[in-house]
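The block underneath contains the structure these notes are about, expressed in structure tokens.
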Amino acid sequence: EIVNRKQNDYMKNKCFLGFTITELIIAMGIIGVISALTVPVLIAHYQTQSLQLILKKTYGELRQNLDMFQTESYKKKLYASSLSTLDGSKTVTETAGRFLTNYFRVTKDCDSTAQPCFADSYRTIDSADRTNFSCNSGYNVLLASGAAICLIPPATDTPAKVYIDVNGQDKPNIGGRDMFTVYIYDDFSIDEKDITPDVIKSGDAKGDRDTLFNDSCKTSYVGEGCFGKIINDNWKVSY
């Protein structure tokens, strides 16, 4: 009898310490709500961080190859180098194309047609409307890293323009997220539009980059004004 009583007491305590079906359902519901709220944010943050790292790597590769090109061509000025078509004697294939295919690890050569190196269209951060993308005046390649580059040689009084999609045709295909526009100036420096070497020397570059960001980054389907903000924020995408 004493043994049976102890067993009954044990079973009562055991049942008391357990969970009811209702409690389990409520707990699972709470976990589901928290997951639904946090998982998309974590995924978006991870994607942003990944794209940011590829952009920094692509910039470093472009910077390094420009230095090599400058050294090997014995030119101090971009406009006077073999990367320029200003004299009209060389085509974009002989200038931008030769630079890209000789100095980068290219897995796909798209020549003067953006696709299939780039996506067919892009949208802005602030809009769902998409705009068709082409870079017929430049030379297009897909790098081993997965980044797509279109290099447009310098024209009269304008720097060379570079479109960079850090993950090629893959989504999100949004200006300022995976698509950016940068410029190569006469001293081979890389920056935003109108952030010339003289602006950098004057100490106004940071403020001018922020102004360009506020004016155009979130409304540009090719990411005009976004790259400078990332530089200002020490290679962090904070927008």
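By convention here, the chains of the structure tokens are called A, B, ... in the order presented, each chain's residues are numbered starting at 1, and ligands are numbered starting at 1 in the order presented.
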
Residues of range 139-185 of chain A within 12 Å of range 70-92 of chain A: nearest atom pair and distance (Å, one decimal) for each, counting only C-alpha atoms, sorted by chain and number, as a tab-separated table?
residue	atom	partner	partner_atom	distance
A:Tyr139	CA	A:Val92	CA	6.5
A:Asn140	CA	A:Val92	CA	10.3
A:Cys150	CA	A:Val92	CA	11.0
A:Leu151	CA	A:Val92	CA	9.0
A:Ile152	CA	A:Val92	CA	7.7
A:Pro153	CA	A:Ser84	CA	5.6
A:Pro154	CA	A:Ser84	CA	5.8
A:Ala155	CA	A:Leu86	CA	6.1
A:Thr156	CA	A:Leu86	CA	6.8
A:Asp157	CA	A:Tyr79	CA	9.2
A:Thr158	CA	A:Tyr79	CA	9.5
A:Pro159	CA	A:Tyr79	CA	8.4
A:Ala160	CA	A:Ser84	CA	8.5
A:Lys161	CA	A:Ser84	CA	11.7
A:Tyr183	CA	A:Leu78	CA	11.7
A:Ile184	CA	A:Leu78	CA	8.2
A:Tyr185	CA	A:Leu78	CA	7.0

Restricting the output to N, CA, C and O atoms, write the selected residues as a short mmCIF file (atom, residue, chain, number, x, y, z; two decimals), in the first residue's frame.
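Saved to selection_26.cif:
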data_model
loop_
_atom_site.label_atom_id
_atom_site.label_comp_id
_atom_site.auth_asym_id
_atom_site.auth_seq_id
_atom_site.Cartn_x
_atom_site.Cartn_y
_atom_site.Cartn_z
N TYR A 139 32.62 47.88 -72.95
CA TYR A 139 32.97 46.47 -73.13
C TYR A 139 32.56 45.72 -71.88
O TYR A 139 32.85 46.14 -70.76
N ASN A 140 31.88 44.59 -72.08
CA ASN A 140 31.27 43.85 -70.99
C ASN A 140 31.92 42.48 -70.77
O ASN A 140 32.12 41.73 -71.74
N CYS A 150 31.18 46.51 -66.96
CA CYS A 150 31.17 47.19 -68.26
C CYS A 150 32.02 48.43 -68.13
O CYS A 150 31.75 49.29 -67.29
N LEU A 151 33.06 48.52 -68.96
CA LEU A 151 33.98 49.66 -68.93
C LEU A 151 33.78 50.49 -70.19
O LEU A 151 33.93 50.00 -71.31
N ILE A 152 33.42 51.76 -70.00
CA ILE A 152 33.27 52.70 -71.10
C ILE A 152 34.49 53.61 -71.11
O ILE A 152 34.73 54.32 -70.12
N PRO A 153 35.28 53.61 -72.17
CA PRO A 153 36.51 54.42 -72.21
C PRO A 153 36.21 55.90 -72.02
O PRO A 153 35.08 56.35 -72.28
N PRO A 154 37.19 56.67 -71.59
CA PRO A 154 36.97 58.10 -71.37
C PRO A 154 36.66 58.83 -72.68
O PRO A 154 37.20 58.51 -73.73
N ALA A 155 35.75 59.80 -72.59
CA ALA A 155 35.44 60.67 -73.73
C ALA A 155 36.00 62.05 -73.44
O ALA A 155 36.65 62.27 -72.41
N THR A 156 35.76 62.98 -74.32
CA THR A 156 36.30 64.33 -74.17
C THR A 156 35.82 64.95 -72.86
O THR A 156 34.61 65.09 -72.63
N ASP A 157 36.74 65.31 -72.01
CA ASP A 157 36.47 65.99 -70.74
C ASP A 157 35.63 65.17 -69.77
O ASP A 157 35.06 65.71 -68.82
N THR A 158 35.53 63.88 -69.99
CA THR A 158 34.79 63.03 -69.06
C THR A 158 35.65 61.82 -68.71
O THR A 158 36.41 61.33 -69.55
N PRO A 159 35.52 61.32 -67.49
CA PRO A 159 36.31 60.14 -67.09
C PRO A 159 35.74 58.87 -67.70
O PRO A 159 34.66 58.87 -68.28
N ALA A 160 36.48 57.79 -67.55
CA ALA A 160 35.95 56.48 -67.93
C ALA A 160 34.85 56.09 -66.93
O ALA A 160 34.94 56.39 -65.75
N LYS A 161 33.81 55.45 -67.45
CA LYS A 161 32.70 55.03 -66.59
C LYS A 161 32.71 53.51 -66.47
O LYS A 161 32.96 52.81 -67.45
N TYR A 183 33.67 55.85 -61.51
CA TYR A 183 34.38 56.55 -62.57
C TYR A 183 35.88 56.47 -62.35
O TYR A 183 36.35 56.49 -61.21
N ILE A 184 36.61 56.35 -63.46
CA ILE A 184 38.08 56.32 -63.41
C ILE A 184 38.58 57.65 -63.96
O ILE A 184 38.31 57.99 -65.12
N TYR A 185 39.33 58.38 -63.16
CA TYR A 185 39.78 59.71 -63.55
C TYR A 185 41.17 59.67 -64.19
O TYR A 185 41.82 58.63 -64.24
#

- Query: Using only C-alpha atoms, which residues sit within 8 Å of range 202-215 of chain A once same-chain residues fewer than 5 positions away are excluded, as a PyMOL selection string?
  - Reply: chain A and resi 192+195+224-226+228-229+232

Neighbour list for Arg105 in chain A as a tab-separated table (two decimals) with N, CA and C atoms, in the first residue's frame, cut-off 12 Å, only C-alpha atoms, skip fewer than 5 positions in-chain:
chain	number	residue	atom	x	y	z
A	58	THR	N	35.92	43.52	-55.74
A	58	THR	CA	35.95	43.93	-57.15
A	58	THR	C	36.65	45.28	-57.30
A	61	GLU	N	40.32	44.72	-56.95
A	61	GLU	CA	40.87	44.11	-58.15
A	61	GLU	C	41.01	45.14	-59.27
A	62	LEU	N	40.01	46.00	-59.41
A	62	LEU	CA	40.08	47.06	-60.42
A	62	LEU	C	41.21	48.03	-60.11
A	65	ASN	N	44.60	46.32	-60.86
A	65	ASN	CA	44.86	46.14	-62.29
A	65	ASN	C	45.10	47.46	-63.00
A	99	PHE	N	42.01	45.77	-72.04
A	99	PHE	CA	42.34	45.92	-70.62
A	99	PHE	C	41.64	44.87	-69.78
A	100	LEU	N	40.35	44.70	-69.97
A	100	LEU	CA	39.57	43.76	-69.16
A	100	LEU	C	40.01	42.31	-69.38
A	141	VAL	N	32.21	42.17	-69.50
A	141	VAL	CA	32.75	40.86	-69.16
A	141	VAL	C	32.15	40.38	-67.85
A	142	LEU	N	32.21	39.07	-67.65
A	142	LEU	CA	31.84	38.45	-66.38
A	142	LEU	C	33.11	37.86	-65.78
A	143	LEU	N	33.40	38.23	-64.54
A	143	LEU	CA	34.64	37.82	-63.89
A	143	LEU	C	34.47	36.48	-63.18
A	144	ALA	N	35.60	35.87	-62.84
A	144	ALA	CA	35.59	34.59	-62.13
A	144	ALA	C	34.91	34.72	-60.78
A	145	SER	N	34.90	35.90	-60.19
A	145	SER	CA	34.25	36.13	-58.90
A	145	SER	C	32.73	36.15	-59.02
A	146	GLY	N	32.22	36.23	-60.26
A	146	GLY	CA	30.78	36.33	-60.48
A	146	GLY	C	30.32	37.74	-60.75
A	147	ALA	N	31.21	38.73	-60.58
A	147	ALA	CA	30.86	40.12	-60.83
A	147	ALA	C	30.90	40.43	-62.32
A	148	ALA	N	29.99	41.28	-62.77
A	148	ALA	CA	29.97	41.74	-64.16
A	148	ALA	C	30.50	43.17	-64.20
A	149	ILE	N	31.31	43.46	-65.23
A	149	ILE	CA	31.87	44.80	-65.40
A	149	ILE	C	31.64	45.27	-66.82

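Going from CA of Val182 in chain A to CA of Asp165 in chain A covers 11.2 Å.
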
Report as a PyMOL selection string all protein, DNA and RNA residues lying within 12 Å of Gly223 in chain A, evaluated on only C-alpha atoms, omitting residues in the same chain fewer than 3 positions from it.
chain A and resi 122-126+162-166+173-182+192-193+212-220+226-230

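Separating CA of Thr196 in chain A from CA of Trp235 in chain A is a distance of 19.7 Å.
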
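The interatomic distance for the pair CA of Val237 in chain A and CA of Pro172 in chain A works out to 15.1 Å.
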
* Give the alpha helix (DSSP H) residues of range 8-210 of chain A, as assigned by DSSP on the backbone, as a ChimeraX atom specification. => /A:8-17,21-73,98-103,197-202,205-210

Point to revise | Per-residue DSSP, range 82-203 of chain A, filtered to strand (DSSP E or B), as a VMD selection string | key: chain A and resid 106 to 111 121 to 123 130 to 132 139 to 143 148 to 152 160 to 165 174 to 175 179 to 184 190 to 191

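Across A:Thr95, A:Gln169, A:Asn102, A:Gln52, the tightest approach to Ser121 in chain A is made by A:Gln169 when counting only C-alpha atoms.
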